[in-house]
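Peer 1: Take a look at target_22.pdb, PDB, C-alpha atoms:
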ATOM      1  CA  MET A   1       0.000   0.000   0.000  1.00  0.00           C
ATOM      2  CA  LEU A   2       2.733   2.472   1.019  1.00  0.00           C
ATOM      3  CA  HIS A   3       6.454   2.281   0.328  1.00  0.00           C
ATOM      4  CA  ILE A   4       8.907   4.957   1.512  1.00  0.00           C
ATOM      5  CA  GLU A   5      12.494   4.712   0.299  1.00  0.00           C
ATOM      6  CA  GLU A   6      15.485   6.695   1.649  1.00  0.00           C
ATOM      7  CA  LEU A   7      13.277   9.719   2.335  1.00  0.00           C
ATOM      8  CA  ARG A   8      14.939  12.949   3.462  1.00  0.00           C
ATOM      9  CA  VAL A   9      12.868  16.029   4.244  1.00  0.00           C
ATOM     10  CA  GLU A  10      13.762  19.626   5.081  1.00  0.00           C
ATOM     11  CA  VAL A  11      11.568  22.260   6.691  1.00  0.00           C
ATOM     12  CA  GLY A  12      12.738  25.848   6.329  1.00  0.00           C
ATOM     13  CA  GLY A  13      16.105  24.619   5.152  1.00  0.00           C
ATOM     14  CA  LYS A  14      16.593  22.443   8.253  1.00  0.00           C
ATOM     15  CA  PRO A  15      16.902  18.656   7.819  1.00  0.00           C
ATOM     16  CA  ILE A  16      14.127  16.918   9.777  1.00  0.00           C
ATOM     17  CA  LEU A  17      13.737  13.402   8.361  1.00  0.00           C
ATOM     18  CA  LYS A  18      16.839  11.357   7.580  1.00  0.00           C
ATOM     19  CA  ASN A  19      16.757   8.352   5.239  1.00  0.00           C
ATOM     20  CA  ILE A  20      13.312   7.082   6.214  1.00  0.00           C
ATOM     21  CA  ASN A  21      12.491   3.596   4.941  1.00  0.00           C
ATOM     22  CA  MET A  22       9.027   2.245   5.657  1.00  0.00           C
ATOM     23  CA  GLU A  23       6.523  -0.194   4.229  1.00  0.00           C
ATOM     24  CA  ILE A  24       2.870  -0.521   5.178  1.00  0.00           C
ATOM     25  CA  PRO A  25       1.250  -3.517   3.465  1.00  0.00           C
ATOM     26  CA  LYS A  26      -2.380  -3.512   2.416  1.00  0.00           C
ATOM     27  CA  GLY A  27      -4.661  -3.978   5.396  1.00  0.00           C
ATOM     28  CA  GLU A  28      -2.051  -3.328   8.125  1.00  0.00           C
ATOM     29  CA  THR A  29      -2.118  -0.709  10.864  1.00  0.00           C
ATOM     30  CA  HIS A  30       1.275   0.612  11.956  1.00  0.00           C
ATOM     31  CA  ILE A  31       1.985   2.727  15.028  1.00  0.00           C
ATOM     32  CA  LEU A  32       4.653   5.432  14.870  1.00  0.00           C
ATOM     33  CA  PHE A  33       6.002   6.275  18.312  1.00  0.00           C
ATOM     34  CA  GLY A  34       8.280   9.176  19.091  1.00  0.00           C
ATOM     35  CA  PRO A  35       8.865  12.061  21.503  1.00  0.00           C
ATOM     36  CA  ASN A  36       7.667  15.565  20.691  1.00  0.00           C
ATOM     37  CA  GLY A  37       9.809  17.151  17.981  1.00  0.00           C
ATOM     38  CA  SER A  38      11.050  13.855  16.583  1.00  0.00           C
ATOM     39  CA  GLY A  39       9.551  14.419  13.111  1.00  0.00           C
ATOM     40  CA  LYS A  40       6.365  12.335  13.316  1.00  0.00           C
ATOM     41  CA  THR A  41       4.001  15.047  12.103  1.00  0.00           C
ATOM     42  CA  THR A  42       6.539  16.139   9.490  1.00  0.00           C
ATOM     43  CA  LEU A  43       6.428  12.618   8.046  1.00  0.00           C
ATOM     44  CA  MET A  44       2.631  12.609   7.984  1.00  0.00           C
ATOM     45  CA  LEU A  45       2.360  16.014   6.309  1.00  0.00           C
ATOM     46  CA  THR A  46       5.035  15.023   3.795  1.00  0.00           C
ATOM     47  CA  LEU A  47       3.064  11.893   2.917  1.00  0.00           C
ATOM     48  CA  MET A  48      -0.006  14.070   2.379  1.00  0.00           C
ATOM     49  CA  GLY A  49       1.946  16.528   0.220  1.00  0.00           C
ATOM     50  CA  PHE A  50       1.771  19.741   2.248  1.00  0.00           C
ATOM     51  CA  SER A  51       3.889  22.673   1.110  1.00  0.00           C
ATOM     52  CA  GLY A  52       6.846  23.647   3.280  1.00  0.00           C
ATOM     53  CA  TYR A  53       7.962  20.018   3.601  1.00  0.00           C
ATOM     54  CA  LYS A  54      10.685  19.686   0.980  1.00  0.00           C
ATOM     55  CA  VAL A  55      11.688  16.208  -0.141  1.00  0.00           C
ATOM     56  CA  THR A  56      15.416  16.446  -0.876  1.00  0.00           C
ATOM     57  CA  HIS A  57      15.988  12.753  -1.516  1.00  0.00           C
ATOM     58  CA  GLY A  58      14.041   9.513  -1.793  1.00  0.00           C
ATOM     59  CA  LYS A  59      10.711   8.339  -3.058  1.00  0.00           C
ATOM     60  CA  ILE A  60       7.149   7.791  -1.810  1.00  0.00           C
ATOM     61  CA  THR A  61       5.063   5.152  -3.580  1.00  0.00           C
ATOM     62  CA  PHE A  62       1.355   4.628  -2.880  1.00  0.00           C
ATOM     63  CA  LYS A  63      -0.538   1.732  -4.465  1.00  0.00           C
ATOM     64  CA  GLY A  64       2.320   1.322  -6.926  1.00  0.00           C
ATOM     65  CA  GLU A  65       2.294   4.960  -8.039  1.00  0.00           C
ATOM     66  CA  ASP A  66       5.049   7.512  -7.360  1.00  0.00           C
ATOM     67  CA  ILE A  67       3.406  10.317  -5.369  1.00  0.00           C
ATOM     68  CA  THR A  68       6.593  12.081  -4.207  1.00  0.00           C
ATOM     69  CA  ASN A  69       5.726  15.296  -6.083  1.00  0.00           C
ATOM     70  CA  MET A  70       1.981  14.828  -6.360  1.00  0.00           C
ATOM     71  CA  PRO A  71      -0.271  17.673  -5.059  1.00  0.00           C
ATOM     72  CA  ILE A  72      -2.496  17.136  -2.036  1.00  0.00           C
ATOM     73  CA  TYR A  73      -5.813  16.880  -3.883  1.00  0.00           C
ATOM     74  CA  GLU A  74      -4.483  14.134  -6.170  1.00  0.00           C
ATOM     75  CA  ARG A  75      -3.228  12.133  -3.174  1.00  0.00           C
ATOM     76  CA  ALA A  76      -6.646  12.491  -1.549  1.00  0.00           C
ATOM     77  CA  ARG A  77      -8.384  11.333  -4.727  1.00  0.00           C
ATOM     78  CA  LEU A  78      -5.964   8.420  -4.976  1.00  0.00           C
ATOM     79  CA  GLY A  79      -7.038   7.287  -1.505  1.00  0.00           C
ATOM     80  CA  ILE A  80      -5.044   8.954   1.292  1.00  0.00           C
ATOM     81  CA  GLY A  81      -6.902  10.543   4.200  1.00  0.00           C
ATOM     82  CA  VAL A  82      -5.617  12.399   7.233  1.00  0.00           C
ATOM     83  CA  SER A  83      -6.814  13.318  10.712  1.00  0.00           C
ATOM     84  CA  PHE A  84      -4.882  16.263  12.127  1.00  0.00           C
ATOM     85  CA  GLN A  85      -3.840  16.696  15.727  1.00  0.00           C
ATOM     86  CA  ARG A  86      -4.797  20.382  15.685  1.00  0.00           C
ATOM     87  CA  PRO A  87      -6.987  21.138  12.670  1.00  0.00           C
ATOM     88  CA  PRO A  88      -8.019  24.773  12.095  1.00  0.00           C
ATOM     89  CA  THR A  89     -11.393  26.351  12.769  1.00  0.00           C
ATOM     90  CA  ILE A  90     -13.175  27.162   9.511  1.00  0.00           C
ATOM     91  CA  ASN A  91     -15.670  29.953  10.095  1.00  0.00           C
ATOM     92  CA  GLY A  92     -18.542  30.070   7.626  1.00  0.00           C
ATOM     93  CA  LEU A  93     -18.326  26.393   6.662  1.00  0.00           C
ATOM     94  CA  LYS A  94     -20.736  24.016   8.375  1.00  0.00           C
ATOM     95  CA  THR A  95     -19.512  20.619   9.536  1.00  0.00           C
ATOM     96  CA  ARG A  96     -22.272  18.943   7.530  1.00  0.00           C
ATOM     97  CA  ASN A  97     -20.969  20.579   4.344  1.00  0.00           C
ATOM     98  CA  ILE A  98     -17.328  19.579   4.844  1.00  0.00           C
ATOM     99  CA  VAL A  99     -18.388  15.976   5.481  1.00  0.00           C
ATOM    100  CA  GLU A 100     -20.365  16.050   2.217  1.00  0.00           C
ATOM    101  CA  ILE A 101     -17.292  17.451   0.441  1.00  0.00           C
ATOM    102  CA  CYS A 102     -15.148  14.649   1.863  1.00  0.00           C
ATOM    103  CA  GLY A 103     -17.624  12.126   0.487  1.00  0.00           C
ATOM    104  CA  GLY A 104     -16.898  13.383  -3.032  1.00  0.00           C
ATOM    105  CA  LYS A 105     -19.135  11.742  -5.615  1.00  0.00           C
ATOM    106  CA  LYS A 106     -20.217   9.031  -3.189  1.00  0.00           C
ATOM    107  CA  SER A 107     -23.713   9.152  -1.743  1.00  0.00           C
ATOM    108  CA  VAL A 108     -23.039   9.883   1.933  1.00  0.00           C
ATOM    109  CA  ASP A 109     -25.722   9.792   4.620  1.00  0.00           C
ATOM    110  CA  VAL A 110     -24.188  12.420   6.899  1.00  0.00           C
ATOM    111  CA  ASP A 111     -26.893  12.126   9.547  1.00  0.00           C
ATOM    112  CA  GLU A 112     -26.479   8.358   9.823  1.00  0.00           C
ATOM    113  CA  LEU A 113     -22.675   8.572  10.001  1.00  0.00           C
ATOM    114  CA  SER A 114     -22.832  11.271  12.669  1.00  0.00           C
ATOM    115  CA  LYS A 115     -24.998   9.067  14.892  1.00  0.00           C
ATOM    116  CA  GLN A 116     -22.123   6.573  15.160  1.00  0.00           C
ATOM    117  CA  LEU A 117     -20.036   9.326  16.749  1.00  0.00           C
ATOM    118  CA  ASN A 118     -22.796  10.956  18.812  1.00  0.00           C
ATOM    119  CA  PHE A 119     -22.114  14.014  16.680  1.00  0.00           C
ATOM    120  CA  SER A 120     -25.511  14.970  15.273  1.00  0.00           C
ATOM    121  CA  ASP A 121     -25.755  18.163  17.347  1.00  0.00           C
ATOM    122  CA  PHE A 122     -22.570  19.535  15.760  1.00  0.00           C
ATOM    123  CA  LEU A 123     -23.415  19.154  12.072  1.00  0.00           C
ATOM    124  CA  ASP A 124     -24.826  22.663  11.688  1.00  0.00           C
ATOM    125  CA  ARG A 125     -22.002  24.367  13.570  1.00  0.00           C
ATOM    126  CA  ASP A 126     -18.951  25.895  11.887  1.00  0.00           C
ATOM    127  CA  VAL A 127     -16.086  23.418  11.514  1.00  0.00           C
ATOM    128  CA  ASN A 128     -14.266  23.050  14.856  1.00  0.00           C
ATOM    129  CA  HIS A 129     -15.653  26.347  16.203  1.00  0.00           C
ATOM    130  CA  ASN A 130     -15.494  26.129  20.013  1.00  0.00           C
ATOM    131  CA  PHE A 131     -15.155  22.345  19.785  1.00  0.00           C
ATOM    132  CA  SER A 132     -13.479  20.484  22.658  1.00  0.00           C
ATOM    133  CA  GLY A 133     -10.528  18.173  21.986  1.00  0.00           C
ATOM    134  CA  GLY A 134     -12.769  15.128  21.803  1.00  0.00           C
ATOM    135  CA  GLU A 135     -15.286  16.902  19.568  1.00  0.00           C
ATOM    136  CA  ILE A 136     -12.515  17.883  17.149  1.00  0.00           C
ATOM    137  CA  LYS A 137     -11.348  14.262  16.944  1.00  0.00           C
ATOM    138  CA  ARG A 138     -14.884  13.093  16.246  1.00  0.00           C
ATOM    139  CA  SER A 139     -15.258  15.736  13.534  1.00  0.00           C
ATOM    140  CA  GLU A 140     -12.029  14.562  11.885  1.00  0.00           C
ATOM    141  CA  LEU A 141     -13.098  10.916  12.010  1.00  0.00           C
ATOM    142  CA  LEU A 142     -16.530  11.762  10.605  1.00  0.00           C
ATOM    143  CA  GLN A 143     -14.824  13.346   7.593  1.00  0.00           C
ATOM    144  CA  LEU A 144     -12.698  10.222   7.124  1.00  0.00           C
ATOM    145  CA  LEU A 145     -15.760   7.972   7.367  1.00  0.00           C
ATOM    146  CA  ALA A 146     -17.253   9.969   4.495  1.00  0.00           C
ATOM    147  CA  GLN A 147     -14.041   9.892   2.444  1.00  0.00           C
ATOM    148  CA  GLN A 148     -13.294   6.175   2.981  1.00  0.00           C
ATOM    149  CA  PRO A 149      -9.571   6.414   2.086  1.00  0.00           C
ATOM    150  CA  ASP A 150      -7.422   3.335   1.471  1.00  0.00           C
ATOM    151  CA  LEU A 151      -4.611   4.716   3.658  1.00  0.00           C
ATOM    152  CA  VAL A 152      -5.543   6.549   6.861  1.00  0.00           C
ATOM    153  CA  LEU A 153      -3.035   8.870   8.566  1.00  0.00           C
ATOM    154  CA  LEU A 154      -3.965   9.623  12.193  1.00  0.00           C
ATOM    155  CA  ASP A 155      -1.943  12.201  14.122  1.00  0.00           C
ATOM    156  CA  GLU A 156      -2.255  11.732  17.906  1.00  0.00           C
ATOM    157  CA  PRO A 157      -5.887  10.511  17.848  1.00  0.00           C
ATOM    158  CA  SER A 158      -6.045  10.328  21.659  1.00  0.00           C
ATOM    159  CA  SER A 159      -4.531  13.778  22.304  1.00  0.00           C
ATOM    160  CA  GLY A 160      -6.854  16.116  24.179  1.00  0.00           C
ATOM    161  CA  VAL A 161      -9.562  13.465  24.485  1.00  0.00           C
ATOM    162  CA  ASP A 162     -11.219  12.767  27.839  1.00  0.00           C
ATOM    163  CA  LEU A 163     -11.618   9.231  29.151  1.00  0.00           C
ATOM    164  CA  GLU A 164     -15.318   9.122  28.283  1.00  0.00           C
ATOM    165  CA  SER A 165     -14.624   9.928  24.623  1.00  0.00           C
ATOM    166  CA  ILE A 166     -11.462   7.938  23.952  1.00  0.00           C
ATOM    167  CA  ALA A 167     -13.270   4.584  23.846  1.00  0.00           C
ATOM    168  CA  LEU A 168     -15.673   6.007  21.241  1.00  0.00           C
ATOM    169  CA  ILE A 169     -12.702   7.349  19.260  1.00  0.00           C
ATOM    170  CA  GLY A 170     -11.046   3.932  19.371  1.00  0.00           C
ATOM    171  CA  ASP A 171     -14.214   2.120  18.318  1.00  0.00           C
ATOM    172  CA  THR A 172     -14.676   4.540  15.427  1.00  0.00           C
ATOM    173  CA  ILE A 173     -11.086   4.063  14.244  1.00  0.00           C
ATOM    174  CA  ASN A 174     -11.561   0.290  14.279  1.00  0.00           C
ATOM    175  CA  PHE A 175     -14.804   0.703  12.349  1.00  0.00           C
ATOM    176  CA  LEU A 176     -13.140   3.048   9.845  1.00  0.00           C
ATOM    177  CA  LEU A 177     -10.290   0.588   9.290  1.00  0.00           C
ATOM    178  CA  ASN A 178     -12.726  -2.336   9.107  1.00  0.00           C
ATOM    179  CA  ARG A 179     -10.620  -4.210  11.632  1.00  0.00           C
ATOM    180  CA  GLY A 180     -12.236  -7.622  12.000  1.00  0.00           C
ATOM    181  CA  VAL A 181     -15.138  -6.744   9.706  1.00  0.00           C
ATOM    182  CA  LYS A 182     -15.771  -9.480   7.182  1.00  0.00           C
ATOM    183  CA  ARG A 183     -17.578  -9.232   3.897  1.00  0.00           C
ATOM    184  CA  ARG A 184     -19.347 -12.215   2.417  1.00  0.00           C
ATOM    185  CA  GLU A 185     -18.780 -12.569  -1.317  1.00  0.00           C
ATOM    186  CA  LYS A 186     -20.852 -14.915  -3.454  1.00  0.00           C
ATOM    187  CA  ARG A 187     -19.022 -16.744  -6.195  1.00  0.00           C
ATOM    188  CA  PRO A 188     -20.276 -19.522  -8.509  1.00  0.00           C
ATOM    189  CA  HIS A 189     -20.552 -22.796  -6.542  1.00  0.00           C
ATOM    190  CA  LYS A 190     -18.941 -21.363  -3.435  1.00  0.00           C
ATOM    191  CA  GLU A 191     -18.979 -18.575  -0.931  1.00  0.00           C
ATOM    192  CA  ILE A 192     -15.914 -16.969   0.624  1.00  0.00           C
ATOM    193  CA  ILE A 193     -15.468 -14.558   3.486  1.00  0.00           C
ATOM    194  CA  ALA A 194     -12.818 -11.902   2.896  1.00  0.00           C
ATOM    195  CA  GLU A 195     -11.556  -9.243   5.270  1.00  0.00           C
ATOM    196  CA  GLN A 196     -11.865  -5.734   3.866  1.00  0.00           C
ATOM    197  CA  VAL A 197      -9.371  -3.782   5.930  1.00  0.00           C
ATOM    198  CA  LYS A 198      -7.677  -0.476   5.226  1.00  0.00           C
ATOM    199  CA  SER A 199      -4.077   0.487   5.899  1.00  0.00           C
ATOM    200  CA  ALA A 200      -3.183   3.049   8.538  1.00  0.00           C
ATOM    201  CA  LEU A 201      -0.287   4.939  10.082  1.00  0.00           C
ATOM    202  CA  VAL A 202      -1.122   6.096  13.604  1.00  0.00           C
ATOM    203  CA  ILE A 203       1.153   8.651  15.252  1.00  0.00           C
ATOM    204  CA  THR A 204       1.373   8.663  19.030  1.00  0.00           C
ATOM    205  CA  HIS A 205       3.580  10.056  21.774  1.00  0.00           C
ATOM    206  CA  THR A 206       1.983   8.372  24.775  1.00  0.00           C
ATOM    207  CA  GLY A 207       0.707   5.148  23.214  1.00  0.00           C
ATOM    208  CA  HIS A 208      -2.668   5.396  25.009  1.00  0.00           C
ATOM    209  CA  ILE A 209      -4.535   4.724  21.782  1.00  0.00           C
ATOM    210  CA  LEU A 210      -3.188   1.146  21.803  1.00  0.00           C
ATOM    211  CA  ASP A 211      -5.645   0.364  24.587  1.00  0.00           C
ATOM    212  CA  TYR A 212      -8.440   0.846  22.051  1.00  0.00           C
ATOM    213  CA  ILE A 213      -7.168  -0.153  18.595  1.00  0.00           C
ATOM    214  CA  THR A 214      -5.377  -3.151  17.110  1.00  0.00           C
ATOM    215  CA  ALA A 215      -1.957  -2.631  15.523  1.00  0.00           C
ATOM    216  CA  ASP A 216       0.147  -4.953  13.373  1.00  0.00           C
ATOM    217  CA  LYS A 217       3.520  -3.294  13.925  1.00  0.00           C
ATOM    218  CA  GLY A 218       5.194  -0.416  15.732  1.00  0.00           C
ATOM    219  CA  GLN A 219       8.146   1.802  14.878  1.00  0.00           C
ATOM    220  CA  VAL A 220      10.043   4.512  16.748  1.00  0.00           C
ATOM    221  CA  LEU A 221      11.063   7.821  15.181  1.00  0.00           C
ATOM    222  CA  TYR A 222      13.791   9.575  17.158  1.00  0.00           C
ATOM    223  CA  ASN A 223      15.576  12.741  15.984  1.00  0.00           C
ATOM    224  CA  GLY A 224      14.327  12.168  12.463  1.00  0.00           C
ATOM    225  CA  VAL A 225      15.587   8.583  12.269  1.00  0.00           C
ATOM    226  CA  LEU A 226      13.476   5.408  12.279  1.00  0.00           C
ATOM    227  CA  CYS A 227      14.993   3.174  14.949  1.00  0.00           C
ATOM    228  CA  TYR A 228      13.306  -0.200  14.560  1.00  0.00           C
ATOM    229  CA  ALA A 229      10.102  -2.087  13.804  1.00  0.00           C
ATOM    230  CA  ARG A 230       8.625  -4.576  16.267  1.00  0.00           C
ATOM    231  CA  ASN A 231       5.392  -5.512  17.982  1.00  0.00           C
ATOM    232  CA  ALA A 232       3.731  -2.225  18.963  1.00  0.00           C
ATOM    233  CA  ARG A 233       2.878  -3.281  22.510  1.00  0.00           C
ATOM    234  CA  GLU A 234       6.423  -4.516  23.154  1.00  0.00           C
ATOM    235  CA  ILE A 235       7.795  -1.171  21.986  1.00  0.00           C
ATOM    236  CA  LEU A 236       5.363   0.718  24.225  1.00  0.00           C
ATOM    237  CA  LYS A 237       6.419  -1.400  27.192  1.00  0.00           C
ATOM    238  CA  TRP A 238      10.097  -0.596  26.562  1.00  0.00           C
ATOM    239  CA  ILE A 239       9.373   3.096  26.125  1.00  0.00           C
ATOM    240  CA  ARG A 240       7.489   3.245  29.412  1.00  0.00           C
ATOM    241  CA  GLU A 241      10.272   1.390  31.209  1.00  0.00           C
ATOM    242  CA  TYR A 242      13.355   2.984  29.667  1.00  0.00           C
ATOM    243  CA  GLY A 243      12.227   6.115  27.815  1.00  0.00           C
ATOM    244  CA  TYR A 244      12.672   7.070  24.177  1.00  0.00           C
ATOM    245  CA  GLU A 245      16.330   8.041  24.442  1.00  0.00           C
ATOM    246  CA  GLU A 246      17.396   4.706  25.877  1.00  0.00           C
ATOM    247  CA  CYS A 247      15.345   2.768  23.318  1.00  0.00           C
ATOM    248  CA  ALA A 248      17.007   4.687  20.495  1.00  0.00           C
ATOM    249  CA  ARG A 249      20.474   4.173  21.992  1.00  0.00           C
ATOM    250  CA  CYS A 250      19.955   0.414  22.300  1.00  0.00           C
ATOM    251  CA  THR A 251      19.090   0.074  18.616  1.00  0.00           C
ATOM    252  CA  GLN A 252      22.239   1.948  17.629  1.00  0.00           C
TER     253      GLN A 252
END
What would the structure in this file look like if it were written as structure tokens?
Peer 2:
Amino acid sequence: MLHIEELRVEVGGKPILKNINMEIPKGETHILFGPNGSGKTTLMLTLMGFSGYKVTHGKITFKGEDITNMPIYERARLGIGVSFQRPPTINGLKTRNIVEICGGKKSVDVDELSKQLNFSDFLDRDVNHNFSGGEIKRSELLQLLAQQPDLVLLDEPSSGVDLESIALIGDTINFLLNRGVKRREKRPHKEIIAEQVKSALVITHTGHILDYITADKGQVLYNGVLCYARNAREILKWIREYGYEECARCTQ
């Protein structure tokens, strides 16, 4: 689904990401751990194609297509979706309308989708205007549910979310990624059950989101360098016991 090869990225002339190599197969959810300032959000925004994040070396391939220099809207149309940690307030644009925009040409039942997130009361309010942390996360996920991207990029989905809301956020992420959801396909003379799961890269500093979602692999980004890839829960255990700096030193 996603292949990153020897990626180097500068922001304002300063090197941030250094020779990033990463693969996310179709249907897998990967967790990207790292302390604040390690380059996690830079990687996500580079994958989405935001300006100001200059690729100086390397290549990004999505679904077999080179997207390294592709504009944002083409990446979105190709099937990449993003949930920001701190999305902006958009005065004058109703939440209902942005969800419809995210749905594109698909027929999206905004009212039905919003019920899954207990978000119906917010549809006719301006996007993120006076929303709490949890309400912002639900708004972001509602937009992704309408878009239905093949690759989902989630930046700190548990940040700023209270304990009552985080379980709902986790359930919605699992629903969005179709984790464990099976589709029954009828074929001549037989019937098969196939998992229809999306790929995802979930960025986290604390790792709390792992209490609510299922991950296939974890990686640590430290000072712009990917340290290693292992079981996400094992990595989280080591981070909690030894800290990010010690984990990075051990891999070196």
Peer 1: Produce the centre coordinates and the three edge lengths, each in Å to one decimal, of the box along x, y and z that contains all listed atoms of range 53-69 of chain A with 3 Å added on each side, as lines of an AutoDock Vina configuration file.
Peer 2:
center_x = 7.7
center_y = 10.7
center_z = -2.2
size_x = 22.5
size_y = 24.7
size_z = 17.6
Peer 1: Taking the file above as input, evaluate the PyMOL selection byres ((chain A and resi 123-136) around 10) and report the hits as a PyMOL selection string.
Peer 2: chain A and resi 83-99+110-111+114+117-122+137-142+157-166+168-169
Peer 1: Enter the distance from CA of Gly64 in chain A to CA of Gln148 in chain A, in Å, rounded to one decimal.
Peer 2: 19.1 Å
Peer 1: For Ser107 in chain A, which residue among A:Leu221, A:Lys237, A:Gly79, A:Gln147 is the nearest when counting all atoms listed in the file?
Peer 2: A:Gln147
Peer 1: Using all atoms listed in the file, which of the listed residues (A:Leu176, A:Ile67, A:Leu113, A:Ile235) sits closest to Leu47 in chain A?
Peer 2: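 Of the candidates, the smallest distance to Leu47 in chain A is held by A:Ile67.
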Peer 1: Just so the selection is clear, what residues does the PyMOL selection byres ((chain A and resi 74-76) around 10) cover here, as a PyMOL selection string?
Peer 2: chain A and resi 47-49+62+67-73+77-82+102+147+149-151
Peer 1: Could you pull the residues within 8 Å of range 195-212 of chain A, counting all atoms listed in the file, minus those fewer than 3 positions along the same chain, as a ChimeraX atom specification?
Peer 2: /A:1,24-36,40-41,149-158,166-167,170-171,176-183,215,233,236
Peer 1: Those residues with C-alpha atoms, as a PDB file, in the coordinates of the input please?
Peer 2:
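Final file, part-v5.pdb:
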ATOM      1  CA  MET A   1       0.000   0.000   0.000  1.00  0.00           C
ATOM      2  CA  ILE A  24       2.870  -0.521   5.178  1.00  0.00           C
ATOM      3  CA  PRO A  25       1.250  -3.517   3.465  1.00  0.00           C
ATOM      4  CA  LYS A  26      -2.380  -3.512   2.416  1.00  0.00           C
ATOM      5  CA  GLY A  27      -4.661  -3.978   5.396  1.00  0.00           C
ATOM      6  CA  GLU A  28      -2.051  -3.328   8.125  1.00  0.00           C
ATOM      7  CA  THR A  29      -2.118  -0.709  10.864  1.00  0.00           C
ATOM      8  CA  HIS A  30       1.275   0.612  11.956  1.00  0.00           C
ATOM      9  CA  ILE A  31       1.985   2.727  15.028  1.00  0.00           C
ATOM     10  CA  LEU A  32       4.653   5.432  14.870  1.00  0.00           C
ATOM     11  CA  PHE A  33       6.002   6.275  18.312  1.00  0.00           C
ATOM     12  CA  GLY A  34       8.280   9.176  19.091  1.00  0.00           C
ATOM     13  CA  PRO A  35       8.865  12.061  21.503  1.00  0.00           C
ATOM     14  CA  ASN A  36       7.667  15.565  20.691  1.00  0.00           C
ATOM     15  CA  LYS A  40       6.365  12.335  13.316  1.00  0.00           C
ATOM     16  CA  THR A  41       4.001  15.047  12.103  1.00  0.00           C
ATOM     17  CA  PRO A 149      -9.571   6.414   2.086  1.00  0.00           C
ATOM     18  CA  ASP A 150      -7.422   3.335   1.471  1.00  0.00           C
ATOM     19  CA  LEU A 151      -4.611   4.716   3.658  1.00  0.00           C
ATOM     20  CA  VAL A 152      -5.543   6.549   6.861  1.00  0.00           C
ATOM     21  CA  LEU A 153      -3.035   8.870   8.566  1.00  0.00           C
ATOM     22  CA  LEU A 154      -3.965   9.623  12.193  1.00  0.00           C
ATOM     23  CA  ASP A 155      -1.943  12.201  14.122  1.00  0.00           C
ATOM     24  CA  GLU A 156      -2.255  11.732  17.906  1.00  0.00           C
ATOM     25  CA  PRO A 157      -5.887  10.511  17.848  1.00  0.00           C
ATOM     26  CA  SER A 158      -6.045  10.328  21.659  1.00  0.00           C
ATOM     27  CA  ILE A 166     -11.462   7.938  23.952  1.00  0.00           C
ATOM     28  CA  ALA A 167     -13.270   4.584  23.846  1.00  0.00           C
ATOM     29  CA  GLY A 170     -11.046   3.932  19.371  1.00  0.00           C
ATOM     30  CA  ASP A 171     -14.214   2.120  18.318  1.00  0.00           C
ATOM     31  CA  LEU A 176     -13.140   3.048   9.845  1.00  0.00           C
ATOM     32  CA  LEU A 177     -10.290   0.588   9.290  1.00  0.00           C
ATOM     33  CA  ASN A 178     -12.726  -2.336   9.107  1.00  0.00           C
ATOM     34  CA  ARG A 179     -10.620  -4.210  11.632  1.00  0.00           C
ATOM     35  CA  GLY A 180     -12.236  -7.622  12.000  1.00  0.00           C
ATOM     36  CA  VAL A 181     -15.138  -6.744   9.706  1.00  0.00           C
ATOM     37  CA  LYS A 182     -15.771  -9.480   7.182  1.00  0.00           C
ATOM     38  CA  ARG A 183     -17.578  -9.232   3.897  1.00  0.00           C
ATOM     39  CA  ALA A 215      -1.957  -2.631  15.523  1.00  0.00           C
ATOM     40  CA  ARG A 233       2.878  -3.281  22.510  1.00  0.00           C
ATOM     41  CA  LEU A 236       5.363   0.718  24.225  1.00  0.00           C
TER      42      LEU A 236
END
Peer 1: Point out the residue among A:Met22, A:Leu144, A:Ala232, A:Val9 with the least atom-to-atom distance to Phe50 in chain A, counting only C-alpha atoms.
Peer 2: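 So, comparing all the options, the nearest one is A:Val9.
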Peer 1: For the atom pair CA of Ile20 in chain A and CA of Arg230 in chain A, what is the interatomic distance in Å to one decimal place?
Peer 2: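 CA of Ile20 in chain A sits 16.1 Å away from CA of Arg230 in chain A.
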Peer 1: Would you please work out which residue, of A:Gly243, A:Ile4, A:Lys115, A:Asp216, is nearest to Met44 in chain A when using all atoms listed in the file?
Peer 2: A:Ile4
Peer 1: Evaluated on this file, the PyMOL selection byres ((chain A and resi 222) around 10) picks out some residues - which ones are they, written as a list in words?
Peer 2: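 Given this file, the PyMOL selection byres ((chain A and resi 222) around 10) evaluates to Leu17, Phe33, Gly34, Pro35, Asn36, Gly37, Ser38, Gly39, Lys40, Gln219, Val220, Leu221, Asn223, Gly224, Val225, Leu226, Cys227, Tyr244, Glu245, Cys247, Ala248 and Arg249 of chain A.
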Peer 1: Could you tell me how far CA of Lys59 in chain A sits from CA of Leu43 in chain A, in Å to one decimal place?
Peer 2: 12.6 Å
Peer 1: Restricting the calculation to only C-alpha atoms: of A:Ile101, A:His3, A:Thr214, A:Asp109, which residue gets closest to Lys63 in chain A?
Peer 2: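 Closest residue, counting only C-alpha atoms: A:His3.
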